[in-house]
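Engineer: One structure, pasted below without further comment.
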Amino acid sequence: MDLFEKLQELRDQGLSEIDKAKTEEKLNDVRVKLVGRKSELTEILHSMKDVEPEKRREIGQKVNKVRDLFNQKLDDAKNEIVEKLVKEQLEKEAIDVTLPGREEHLGTKHPINIILDDLEKYFIGMGFKVAQGPEIETDHYCFEMMNLPKDHPARDMQETFYIDSEDLLRSQTSGDQARELEKHDFSKGPLKMVGPGKVYRRDDDDATHSHQFMQMEGLVVDKNITMGDLKGTLELMAKHVFGQDRETRLRPSYFPFTEPSVEMDVSCFNCNGKGCSICKYTGWIEVLGAGMVHPNVLENAGVDSNVYGGFAFGVGLDRFAILKYGIDDIRDFYTNDVRFLEQFSKEER
Amino acid sequence: MLVSYQWLQDFLKLDQEPHQLGEKITRTGVEIAEVKHPEEGLKKIVIGHIIDCEPIEGTHLNLTHVDVGDEEPHQIVCGAPNVAAGEDVVVALPGARIADNVKIKKGKLRGYESNGMICGLQEIGFADNLVPEKYVDGIFVFPQDADVKPGQDAYEPLGMDDYIFDFDITPNRADTLSMEGAAYEVGAIVDEPVKIENVALKADGESWTDNFTAEVDPKLAPKFNLRKISGVKVADSPLWMQKRLWNAGIRPINNVVDVTNYIMLLTGQPMHTYDARAFENNKLVVRKANQGEKLTLLNDKEIDLDENDIVITNGERVVMMAGVMGGLNSEIEDDTTDVILESAIFDPTLIRKAALRHANRTEASSRYEKGVNWDATERALDMAALLLRNNASGTIDEGVITAADEKRQPDVIHTTVSYLNKVLGTEISNDEVGHIFDRLNFEYELDGDNLTVNVPARRWDVSIPADLVEEVGRLYGYDKIKSTQPVLAETHGGYSETEEAIRRIKAIVQGQGLIEAISYSLTSPEKAVSYTHNPKKLVQVQMPLNSSRSTLRQNLMTGLVDAASYNMARKQNQLALFEQGRVYDFENDTYNEHEHLATLYSGNVYFDNWQHEEEQIDFFYVKGQLTNLFKAIGVNLSKVEYKAEEIEGMHPTRTAGIYIDGQYVGMIGMISHAITRASKALNGSEIYGYEIDLDTLVPMIISPKTVSKNAPKFPAIERDLSILVEESVSNQAIENVINDNGGKFLVNLRVIDVYQGAHIDENKKSLAYRLTFLNEQDTLTDEVVNKAMAAIDAELKEQLGAEIR
């Protein structure tokens with residue numbers, strides 16, 4: 001058999017071995033055997049010294065051609081194997097993306113604080129400072145300074161939690177007004193504050209009463225504040241909280257610390273003023289109390305009521321939340337059932 | 001106060017649609033809670049005359065024939081005990097609609113056809129407590145004098161065609177707790193003159209004043225007047241008066257008592273009548289009650305009088321709780337003939353407290369406590385006397401006994417029109433201001449800008465210029481005031497630094513997945529100081545609603561544990577809650593309030609999942625969350641120390657006090673078994689949490705100005721260190737040694753393993769640490785790190801007897 005035939009045979013055999021090698025290891029063995037240093041192809045080249053010189057060149061060319069072919073086929077085969085492996089691995093790694101994710105606890109803000117934070121931000125934007133007074137308040141600040149006479153029913157032990165004859169759990173945040181009025185230096189400009197916080201009243205807890213709830217006090221005092229300013233301020237706030245399309249009305253009311261005193265109603269957001277069970281068929285829902293600061297309150301705090309005047313308002317934050325979210329039992333705020341609390345996360349601003 | 005639209009028309013011209021009038025009154029004066037029209041919703045209810053009435057044998061029923069204005073009488077079966085021939089009654093015809101939207105159809109009862117129903121007042125919508133006593137359990141029978149015809153609608157004769165305004169008054173507007181007062185108010189609102197009748201009385205009996213004495217302490221009763229009416233015949237009041245009473249929410253009783261209620265409704269002055277037989281010694285004394293005195297009231301309630309109750313006595317016995325309710329022993333009875341009539345003013349506070357003390361608020365007491373018209377006392381007395389003569393055929397004895405008569409000067413207010421306009425933000429003219437006071441029936445003088453107003457006694461709520469601002473503002477119309485924004489010098493709004501810091505802390509814990517709770521500040525004395533590092537003196541309220549809400553909390557944890565209990569009782573066991581609020585104590589002779597933050601965790605880190613990742617929340621999970629919080633707000637973690645500590649309510653070996661720079665800032669740990677096992681809801685759950693005193697923490701973190709550092713350019717070197725120590729050696733002790741000897745390039749130290757068990761000696765534990773060394777200025781060499789490690793090894797051996805592994 002001459003070298004050409006042998007080469008042909010080597011070529012055919014080699015290709016069939018490459019074809020049969022299905023793993024990387026086997027393929028490697030085949031590679032060593034076919035194109036390695038000790039392969040038959042190499043041997044053919046080594047044995048060329050016995051061949052006539054004119055044929056050497058031709059054989060050399062043919063051997064190289066076969067080796068190139070082997071290398072080509074070996075690379076292809078390797079790629080095929082690797083590709084297959086990758087594919088297999090990816091298939092193994094496949095997940096069902098429709099299975100649910102692992103959920104952790106989701107933090108939420110208390111609904112009353114959602115309302116409060118929103119109002120605070122609103123008023124801060126209008127230049128109000130946020131002031132917080134003590135919850136254990138004195139009779140002096142809670143009542144005396146706020147123009148509630150000694151025999152006023154609110155000062156009764158039946159109504160207010162007294163701790164001793166002078167100290168009590170504040171029944172209103174109004175004491176913050178008196179404290180700020182005393183502190184404020186009017187030569188440095190007007191006083192604009194809101195004062196939020198917890199208040200306490202001697203009410204038995206039921207669906208509509210709570211011995212603890214949250215209020216926010218507002219106060220603006222300067223030289224030329226009018227009732228029109230009060231009306232404008234309250235209207236904007238009510239629209240901010242309850243919607244721009246709400247209508248509002250002021251009605252005469254009575255608070256010892258304001259004169260005139262008013263209550264504000266907004267048109268019922270359930271029936272739009274037509275009358276329904278939520279607004280008790282009046283078309284209006286009472287939302288807050290307000291008024292022009294009573295001269296006695298200013299004088300009690302050492303502010304000259306002939307020069308200064310202003311307005312004050314008080315917002316029941318629980319009430320705002322009840323109205324805004326349609327809550328029907330005030331106790332829900334304080335029992336802290338997580339199923340109740342969680343639902344407000346989307347209300348945060 | 002329920003105000004009848006028809007009755008109002010006695011005083012002024014009214015042509016407004018009642019609901020619109022109600023809205024107008026609400027916007028201008030007094031809130032109208034409701035405008036009621038009693039006949040609304042009723043249909044085919046007419047007057048009937050019972051022609052005959054025979055009992056149906058073997059039943060409690062009667063077979064009647066009733067003339068209802070049709071050609072033929074209706075046969076109606078009636079079960080009422082007081083049905084009888086000759087009565088004028090209320091009949092619901094077939095097809096009628098009665099109260100609660102019930103329809104009446106023809107029917108058959110015991111084989112007898114029944115074409116309609118004879119009604120009791122409750123069946124057509126009257127409240128039980130308004131129906132005259134004798135008709136409560138039967139049908140209503142019109143009195144003889146009633147001008148009714150069979151077949152006519154029953155609404156008008158019963159006053160049900162009226163519109164009734166529910167005046168929901170504020171305490172300052174007690175002047176509208178009378179028809180006259182309401183008329184003045186409505187007259188001012190609709191700008192119509194109001195006619196209030198005066199009274200001229202001529203006595204027709206003998207003088208009685210010499211034979212009767214009244215002793216009154218004017219401090220208790222600054223005004224006190226009596227008249228005597230003789231020879232009354234007690235019977236039902238005329239129908240017109242009964243209608244007015246029940247439409248005002250008062251049950252008709254008899255022609256004597258009804259007069260006093262009627263005059264009270266008319267004038268606002270509470271009145272009282274005594275049977276003169278109660279004053280057998282012809283003597284009446286007003287004084288405070290003595291200890292041990294008792295009185296049975298008209299409502300059969302026997303009360304132990306308090307030394308601060310004002311009482312009316314006959315010199316020996318108490319016959320009335322003044323201003324609140326009469327005694328049964330001086331009640332007007334069917335055989336009463338002579339009557340003592342009282343019109344007085346009592347001290348408002350004493351009356352309010354007495355009514356409250358005995359849980360016996362009445363129409364009279366609620367008027368006294370809010371204040372009554374000082375000028376109406378005598379007039380009301382005379383009006384009542386006249387009505388008793390008319391309605392009860394009495395004789396008015398000559399003379400009035402006036403046992404107290406304190407005078408009051410009417411208020412005169414000086415102000416200016418420009419002041420009113422300045423406060424309101426309006427430009428109301430002098431004429432218009434004058435017209436408003438005309439509408440109010442206030443006397444006034446206008447001299448240029450100067451305004452002087454004489455306030456009538458009925459409006460005791462008006463006494464200073466600001467009160468006039470209100471009167472002018474509301475009648476001008478709050479709707480007409482232009483909405484403006486205050487034009488002021490610029491102010492800088494915002495939170496205090498402390499509040500900002502607290503808000504940041506809340507945002508972080510909320511971001512860590514905690515739900516915000518708000519609990520009650522008042523709790524039980526035990527809970528108030530549970531979970532508390534160093535309990536202070538309790539702060540308790542004087543009259544708690546109950547013992548579990550008697551004491552101010554000194555910790556927030558107790559509220560969160562209550563919340564956990566509430567949730568777990570409802571099968572909500574995966575909990576992550578926080579609360580930020582105040583705790584309260586008494587120390588250094590003052591009440592103190594401290595801002596705290598508390599968290600509570602229970603259950604697993606993840607909710608139930610298909611991968612069974614069930615990492616249970618434990619001490620170290622919670623501590624990790626707290627560490628993250630500290631890191632986020634800029635607490636220097638190397639200054640934070642945890643010391644095992646025992647705190648009431650907390651697990652004694654799983655609780656630590658938290659110290660920063662040696663200062664106590666809070667505690668962290670597990671709720672004790674004693675608490676979780678004793679509670680059915682908590683059911684032994686492992687509950688962890690921490691509580692931080694923000695008053696201490698916040699000043700440590702306020703304004704830590706960050707000066708930016710470049711990220712390090714050189715790589716760090718990590719070394720692991722594994723040691724074996726006695727079980728009693730704490731991690732803190734080991735970390736202290738490592739930190740003290742690690743040199744300046746040791747930047748981080750982390751525990752990566754703790755082992756105790758079979759592979760090592762008992763009483764020993766193995767710990768592994770990962771130390772990170774970094775030189776920010778230069779490449780760190782192994783040599784430097786090796787040196788630091790050698791120093792650490794040596795000191796660990798030396799100080800803690802550690803074996804380096």
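In the structure tokens, the first chain shown is A, the next is B, and so on; residue numbers restart at 1 for each chain, and ligands run from 1 in the order shown.
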Kindly determine which residues of chain A lie within 6 Å of chain B, considering only C-alpha atoms, and give the answer as a ChimeraX atom specification.
Structural biologist: /A:103-110,124,127-130,161-163,226-229,231-232,251-252,254,259-260,334,336-337
Engineer: Filtering to N, CA and C atoms, could you give me those residues as a PDB file, in the first residue's frame?
Structural biologist:
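To be explicit, this is the file written out as out-v1.pdb:
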```pdb
ATOM      1  N   GLU A 103     -42.201  36.679  50.498  1.00  0.00           N
ATOM      2  CA  GLU A 103     -42.588  37.994  50.997  1.00  0.00           C
ATOM      3  C   GLU A 103     -42.157  38.180  52.438  1.00  0.00           C
ATOM      4  N   GLU A 104     -41.656  39.390  52.693  1.00  0.00           N
ATOM      5  CA  GLU A 104     -41.349  39.767  54.068  1.00  0.00           C
ATOM      6  C   GLU A 104     -42.403  40.748  54.531  1.00  0.00           C
ATOM      7  N   HIS A 105     -42.291  41.151  55.794  1.00  0.00           N
ATOM      8  CA  HIS A 105     -43.225  42.150  56.322  1.00  0.00           C
ATOM      9  C   HIS A 105     -43.090  43.459  55.549  1.00  0.00           C
ATOM     10  N   LEU A 106     -44.239  44.096  55.327  1.00  0.00           N
ATOM     11  CA  LEU A 106     -44.244  45.387  54.665  1.00  0.00           C
ATOM     12  C   LEU A 106     -44.590  46.438  55.720  1.00  0.00           C
ATOM     13  N   GLY A 107     -43.723  47.390  55.878  1.00  0.00           N
ATOM     14  CA  GLY A 107     -43.983  48.423  56.884  1.00  0.00           C
ATOM     15  C   GLY A 107     -45.015  49.410  56.394  1.00  0.00           C
ATOM     16  N   THR A 108     -45.898  49.849  57.316  1.00  0.00           N
ATOM     17  CA  THR A 108     -46.895  50.856  56.937  1.00  0.00           C
ATOM     18  C   THR A 108     -47.011  51.892  58.049  1.00  0.00           C
ATOM     19  N   LYS A 109     -47.484  53.029  57.663  1.00  0.00           N
ATOM     20  CA  LYS A 109     -47.714  54.116  58.605  1.00  0.00           C
ATOM     21  C   LYS A 109     -49.137  54.011  59.142  1.00  0.00           C
ATOM     22  N   HIS A 110     -49.307  54.388  60.378  1.00  0.00           N
ATOM     23  CA  HIS A 110     -50.656  54.384  60.969  1.00  0.00           C
ATOM     24  C   HIS A 110     -51.541  55.405  60.237  1.00  0.00           C
ATOM     25  N   ILE A 124     -46.463  73.303  56.784  1.00  0.00           N
ATOM     26  CA  ILE A 124     -45.056  73.705  56.762  1.00  0.00           C
ATOM     27  C   ILE A 124     -44.771  74.458  55.464  1.00  0.00           C
ATOM     28  N   GLY A 127     -45.426  77.960  55.670  1.00  0.00           N
ATOM     29  CA  GLY A 127     -44.646  78.737  56.630  1.00  0.00           C
ATOM     30  C   GLY A 127     -45.050  78.552  58.081  1.00  0.00           C
ATOM     31  N   PHE A 128     -45.794  77.485  58.382  1.00  0.00           N
ATOM     32  CA  PHE A 128     -46.165  77.209  59.767  1.00  0.00           C
ATOM     33  C   PHE A 128     -45.062  76.390  60.428  1.00  0.00           C
ATOM     34  N   LYS A 129     -44.821  76.652  61.706  1.00  0.00           N
ATOM     35  CA  LYS A 129     -43.941  75.743  62.433  1.00  0.00           C
ATOM     36  C   LYS A 129     -44.782  74.717  63.171  1.00  0.00           C
ATOM     37  N   VAL A 130     -44.158  73.593  63.447  1.00  0.00           N
ATOM     38  CA  VAL A 130     -44.856  72.530  64.151  1.00  0.00           C
ATOM     39  C   VAL A 130     -44.396  72.557  65.605  1.00  0.00           C
ATOM     40  N   PHE A 161     -59.478  63.836  82.623  1.00  0.00           N
ATOM     41  CA  PHE A 161     -58.659  63.024  83.527  1.00  0.00           C
ATOM     42  C   PHE A 161     -57.729  63.936  84.319  1.00  0.00           C
ATOM     43  N   TYR A 162     -58.076  64.183  85.571  1.00  0.00           N
ATOM     44  CA  TYR A 162     -57.164  64.936  86.423  1.00  0.00           C
ATOM     45  C   TYR A 162     -56.182  63.981  87.086  1.00  0.00           C
ATOM     46  N   ILE A 163     -54.950  64.466  87.272  1.00  0.00           N
ATOM     47  CA  ILE A 163     -53.939  63.694  87.983  1.00  0.00           C
ATOM     48  C   ILE A 163     -53.852  64.198  89.418  1.00  0.00           C
ATOM     49  N   THR A 226     -57.854  88.579  59.383  1.00  0.00           N
ATOM     50  CA  THR A 226     -59.308  88.718  59.326  1.00  0.00           C
ATOM     51  C   THR A 226     -59.984  87.352  59.291  1.00  0.00           C
ATOM     52  N   MET A 227     -61.292  87.413  59.484  1.00  0.00           N
ATOM     53  CA  MET A 227     -62.077  86.192  59.383  1.00  0.00           C
ATOM     54  C   MET A 227     -62.068  85.678  57.946  1.00  0.00           C
ATOM     55  N   GLY A 228     -61.903  86.583  56.988  1.00  0.00           N
ATOM     56  CA  GLY A 228     -61.765  86.158  55.593  1.00  0.00           C
ATOM     57  C   GLY A 228     -60.522  85.299  55.430  1.00  0.00           C
ATOM     58  N   ASP A 229     -59.444  85.657  56.155  1.00  0.00           N
ATOM     59  CA  ASP A 229     -58.213  84.856  56.109  1.00  0.00           C
ATOM     60  C   ASP A 229     -58.459  83.462  56.675  1.00  0.00           C
ATOM     61  N   LYS A 231     -61.305  81.924  56.745  1.00  0.00           N
ATOM     62  CA  LYS A 231     -62.151  81.202  55.798  1.00  0.00           C
ATOM     63  C   LYS A 231     -61.313  80.665  54.636  1.00  0.00           C
ATOM     64  N   GLY A 232     -60.450  81.522  54.096  1.00  0.00           N
ATOM     65  CA  GLY A 232     -59.614  81.106  52.969  1.00  0.00           C
ATOM     66  C   GLY A 232     -58.673  79.977  53.351  1.00  0.00           C
ATOM     67  N   ARG A 251     -70.443  77.667  59.816  1.00  0.00           N
ATOM     68  CA  ARG A 251     -71.645  77.882  60.625  1.00  0.00           C
ATOM     69  C   ARG A 251     -71.226  78.451  61.965  1.00  0.00           C
ATOM     70  N   PRO A 252     -72.072  79.276  62.580  1.00  0.00           N
ATOM     71  CA  PRO A 252     -71.752  79.770  63.919  1.00  0.00           C
ATOM     72  C   PRO A 252     -71.645  78.603  64.885  1.00  0.00           C
ATOM     73  N   TYR A 254     -69.595  77.559  69.017  1.00  0.00           N
ATOM     74  CA  TYR A 254     -69.143  78.146  70.271  1.00  0.00           C
ATOM     75  C   TYR A 254     -67.943  77.403  70.811  1.00  0.00           C
ATOM     76  N   GLU A 259     -63.849  83.861  69.394  1.00  0.00           N
ATOM     77  CA  GLU A 259     -65.051  84.689  69.259  1.00  0.00           C
ATOM     78  C   GLU A 259     -64.831  85.599  68.067  1.00  0.00           C
ATOM     79  N   PRO A 260     -65.583  85.507  67.010  1.00  0.00           N
ATOM     80  CA  PRO A 260     -66.610  84.496  66.764  1.00  0.00           C
ATOM     81  C   PRO A 260     -66.024  83.083  66.632  1.00  0.00           C
ATOM     82  N   TYR A 334     -56.853  51.958  67.630  1.00  0.00           N
ATOM     83  CA  TYR A 334     -56.038  51.714  68.817  1.00  0.00           C
ATOM     84  C   TYR A 334     -55.914  50.238  69.199  1.00  0.00           C
ATOM     85  N   ASN A 336     -54.938  48.093  66.906  1.00  0.00           N
ATOM     86  CA  ASN A 336     -53.757  47.732  66.121  1.00  0.00           C
ATOM     87  C   ASN A 336     -53.841  46.358  65.470  1.00  0.00           C
ATOM     88  N   ASP A 337     -54.994  46.015  64.950  1.00  0.00           N
ATOM     89  CA  ASP A 337     -55.134  44.787  64.169  1.00  0.00           C
ATOM     90  C   ASP A 337     -54.363  45.008  62.857  1.00  0.00           C
TER      91      ASP A 337
END
```
Engineer: Skipping near chain neighbours, those fewer than 2 positions away, what residues fall within 9 Å of B:Ile51 using only C-alpha atoms, listed as a list in words?
Structural biologist: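 My reading of the contact set: His49, Cys53, Thr64, His65, Val66, Asp67, Pro73, Ala84, Ala85, Gly86 and Glu87 of chain B.
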Engineer: Print the selection's residues with all heavy atoms to a file, as an mmCIF file, in the first residue's frame.
Structural biologist:
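Wrote it out as selection.cif, contents follow:
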```
data_model
loop_
_atom_site.group_PDB
_atom_site.id
_atom_site.type_symbol
_atom_site.label_atom_id
_atom_site.label_comp_id
_atom_site.auth_asym_id
_atom_site.auth_seq_id
_atom_site.Cartn_x
_atom_site.Cartn_y
_atom_site.Cartn_z
ATOM 1 N N HIS B 49 -115.232 57.993 64.191
ATOM 2 C CA HIS B 49 -116.098 58.070 65.378
ATOM 3 C C HIS B 49 -116.692 56.692 65.605
ATOM 4 O O HIS B 49 -117.337 56.135 64.712
ATOM 5 C CB HIS B 49 -117.199 59.114 65.159
ATOM 6 C CG HIS B 49 -118.118 59.245 66.326
ATOM 7 N ND1 HIS B 49 -117.768 59.941 67.467
ATOM 8 C CD2 HIS B 49 -119.360 58.746 66.542
ATOM 9 C CE1 HIS B 49 -118.753 59.870 68.339
ATOM 10 N NE2 HIS B 49 -119.748 59.138 67.797
ATOM 11 N N CYS B 53 -119.665 49.259 69.733
ATOM 12 C CA CYS B 53 -118.485 48.471 70.095
ATOM 13 C C CYS B 53 -118.943 47.314 70.966
ATOM 14 O O CYS B 53 -119.502 47.522 72.039
ATOM 15 C CB CYS B 53 -117.512 49.379 70.852
ATOM 16 S SG CYS B 53 -116.104 48.492 71.537
ATOM 17 N N THR B 64 -116.214 46.702 66.201
ATOM 18 C CA THR B 64 -116.719 48.073 66.213
ATOM 19 C C THR B 64 -117.232 48.456 64.844
ATOM 20 O O THR B 64 -116.859 47.840 63.836
ATOM 21 C CB THR B 64 -115.601 49.077 66.579
ATOM 22 O OG1 THR B 64 -114.665 49.101 65.498
ATOM 23 C CG2 THR B 64 -114.889 48.688 67.865
ATOM 24 N N HIS B 65 -118.079 49.455 64.853
ATOM 25 C CA HIS B 65 -118.450 50.108 63.602
ATOM 26 C C HIS B 65 -118.057 51.551 63.738
ATOM 27 O O HIS B 65 -118.401 52.209 64.725
ATOM 28 C CB HIS B 65 -119.937 49.923 63.300
ATOM 29 C CG HIS B 65 -120.237 48.494 62.948
ATOM 30 N ND1 HIS B 65 -120.564 47.547 63.903
ATOM 31 C CD2 HIS B 65 -120.198 47.843 61.755
ATOM 32 C CE1 HIS B 65 -120.722 46.374 63.311
ATOM 33 N NE2 HIS B 65 -120.503 46.521 62.002
ATOM 34 N N VAL B 66 -117.278 52.008 62.765
ATOM 35 C CA VAL B 66 -116.664 53.319 62.901
ATOM 36 C C VAL B 66 -117.053 54.194 61.722
ATOM 37 O O VAL B 66 -116.903 53.796 60.564
ATOM 38 C CB VAL B 66 -115.121 53.171 62.970
ATOM 39 C CG1 VAL B 66 -114.472 54.539 63.198
ATOM 40 C CG2 VAL B 66 -114.712 52.203 64.056
ATOM 41 N N ASP B 67 -117.510 55.382 62.055
ATOM 42 C CA ASP B 67 -117.816 56.359 61.013
ATOM 43 C C ASP B 67 -116.517 57.021 60.586
ATOM 44 O O ASP B 67 -115.852 57.678 61.391
ATOM 45 C CB ASP B 67 -118.794 57.404 61.585
ATOM 46 C CG ASP B 67 -119.107 58.494 60.565
ATOM 47 O OD1 ASP B 67 -118.579 58.412 59.422
ATOM 48 O OD2 ASP B 67 -119.854 59.428 60.923
ATOM 49 N N PRO B 73 -120.581 52.984 57.688
ATOM 50 C CA PRO B 73 -119.485 52.860 58.670
ATOM 51 C C PRO B 73 -118.615 51.639 58.338
ATOM 52 O O PRO B 73 -119.064 50.705 57.706
ATOM 53 C CB PRO B 73 -120.207 52.659 60.000
ATOM 54 C CG PRO B 73 -121.653 52.535 59.706
ATOM 55 C CD PRO B 73 -121.903 52.774 58.260
ATOM 56 N N ALA B 84 -114.122 52.069 72.926
ATOM 57 C CA ALA B 84 -115.508 52.157 73.410
ATOM 58 C C ALA B 84 -116.335 52.977 72.448
ATOM 59 O O ALA B 84 -115.798 53.820 71.709
ATOM 60 C CB ALA B 84 -115.533 52.800 74.800
ATOM 61 N N ALA B 85 -117.623 52.750 72.470
ATOM 62 C CA ALA B 85 -118.521 53.504 71.604
ATOM 63 C C ALA B 85 -118.488 54.968 72.003
ATOM 64 O O ALA B 85 -118.294 55.304 73.163
ATOM 65 C CB ALA B 85 -119.938 52.948 71.722
ATOM 66 N N GLY B 86 -118.634 55.846 71.002
ATOM 67 C CA GLY B 86 -118.689 57.283 71.262
ATOM 68 C C GLY B 86 -117.338 57.966 71.166
ATOM 69 O O GLY B 86 -117.262 59.191 71.184
ATOM 70 N N GLU B 87 -116.269 57.185 71.059
ATOM 71 C CA GLU B 87 -114.941 57.790 71.032
ATOM 72 C C GLU B 87 -114.609 58.312 69.642
ATOM 73 O O GLU B 87 -114.973 57.717 68.633
ATOM 74 C CB GLU B 87 -113.873 56.757 71.429
ATOM 75 C CG GLU B 87 -113.922 56.372 72.894
ATOM 76 C CD GLU B 87 -112.908 55.287 73.237
ATOM 77 O OE1 GLU B 87 -112.406 54.610 72.303
ATOM 78 O OE2 GLU B 87 -112.619 55.110 74.420
#
```
Engineer: Let's see if you can do this: from backbone DSSP, list all alpha helix (DSSP H) residues in stretch 210-309 of chain B, as a PyMOL selection string.
Structural biologist: chain B and resi 239-247+257-267
Engineer: When DSSP is applied to the backbone of this structure, which of stretch 149-306 of chain B are assigned strand (DSSP E or B)? Write them out as JSON, numbers by chain.
Structural biologist: {"B": [153, 164, 165, 166, 167, 168, 207, 213, 214, 215, 216, 223, 224, 225, 226, 227, 228, 229, 230, 271, 272, 273, 274, 275, 283, 284, 285, 286, 287, 288, 294, 295, 296, 297, 302, 303, 304]}
Engineer: In terms of the shortest atom-to-atom distance over only C-alpha atoms, which of B:Ser366, B:Thr296, B:Thr523, B:Asn225 is closest to B:Ala404?
Structural biologist: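 The closest residue to B:Ala404 is B:Asn225.
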Engineer: Residues at most 12 Å from A:Asn71, counting only C-alpha atoms, excluding those fewer than 2 positions away in the same chain, as a ChimeraX atom specification?
Structural biologist: /A:11,14-15,18,27-28,30-36,64-69,73-78
Engineer: Give the answer as one residue: which of B:Glu215, B:Asp210, B:Glu727, B:Glu363 has the shortest atom-to-atom distance to B:Val754, using only C-alpha atoms?
Structural biologist: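 Checking each of B:Glu215, B:Asp210, B:Glu727, B:Glu363 against B:Val754, counting only C-alpha atoms, the winner is B:Glu727.
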Engineer: Rounded to one decimal place, report the atom CA of B:Asn101-atom CA of B:Ala127 distance in Å.
Structural biologist: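 Atom-to-atom, atom CA of B:Asn101 to atom CA of B:Ala127, that is 15.5 Å.
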Engineer: In Å to one decimal, how far is atom CA of A:Met126 from atom CA of A:Thr173?
Structural biologist: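 Those two atoms sit 20.7 Å apart.
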Engineer: Find the residues near B:Lys149: any atom within 10 Å, counting only C-alpha atoms, skip ones fewer than 3 places away on the same chain, and give them as a list in words.
Structural biologist: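 The residues satisfying every condition are Val46, Ile47, Gly48, His49, Asp67, Val68, Gly69, Asp88, Ala146, Gln152, Asp153, Ala154 and Pro157 of chain B.
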Engineer: With C-alpha atoms retained, write the just-selected residues as a CSV table (one decimal), in the first residue's frame.
Structural biologist:
```
chain,number,residue,atom,x,y,z
B,46,VAL,CA,-108.2,59.7,59.3
B,47,ILE,CA,-110.5,60.6,62.2
B,48,GLY,CA,-113.1,58.0,63.0
B,49,HIS,CA,-116.1,58.1,65.4
B,67,ASP,CA,-117.8,56.4,61.0
B,68,VAL,CA,-114.9,57.4,58.8
B,69,GLY,CA,-116.9,59.8,56.7
B,88,ASP,CA,-113.2,59.9,68.4
B,146,ALA,CA,-111.4,68.4,70.1
B,152,GLN,CA,-110.8,64.2,57.9
B,153,ASP,CA,-107.1,63.6,57.9
B,154,ALA,CA,-105.8,62.9,61.4
B,157,PRO,CA,-105.7,67.5,64.8
```
Engineer: Hey, can you check how far atom CA of B:Gln242 sits from atom CA of B:Thr336?
Structural biologist: 20.3 Å
Engineer: Would you pick out the contacts of stretch 114-122 of chain A at 8 Å or less, using only C-alpha atoms, so that residues sharing its chain but fewer than 6 positions from it are not included, and give the list as a PyMOL selection string?
Structural biologist: chain A and resi 130+194+196+216+241+317+320-321+347-349
Engineer: Which residues, written as a PyMOL selection string, have at least one atom at most 12 Å from B:Arg379, with only C-alpha atoms counted and residues fewer than 5 positions away on the same chain left out?
Structural biologist: chain B and resi 196-201+225-227+263-264+266-269+271+342-344+373-374+384-386+400
Engineer: Which one of A:Glu247, A:Thr23, A:Asp206, A:Pro256 sits closest to A:Phe143 if you count only C-alpha atoms?
Structural biologist: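 Nearest candidate to A:Phe143 out of A:Glu247, A:Thr23, A:Asp206, A:Pro256: A:Pro256.
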Engineer: For each of B:Glu331, B:Glu648, B:Glu39, B:Glu718, take the minimum atom-to-atom distance to B:Arg750, counting only C-alpha atoms, then give the residue where this is smallest.
Structural biologist: B:Glu718
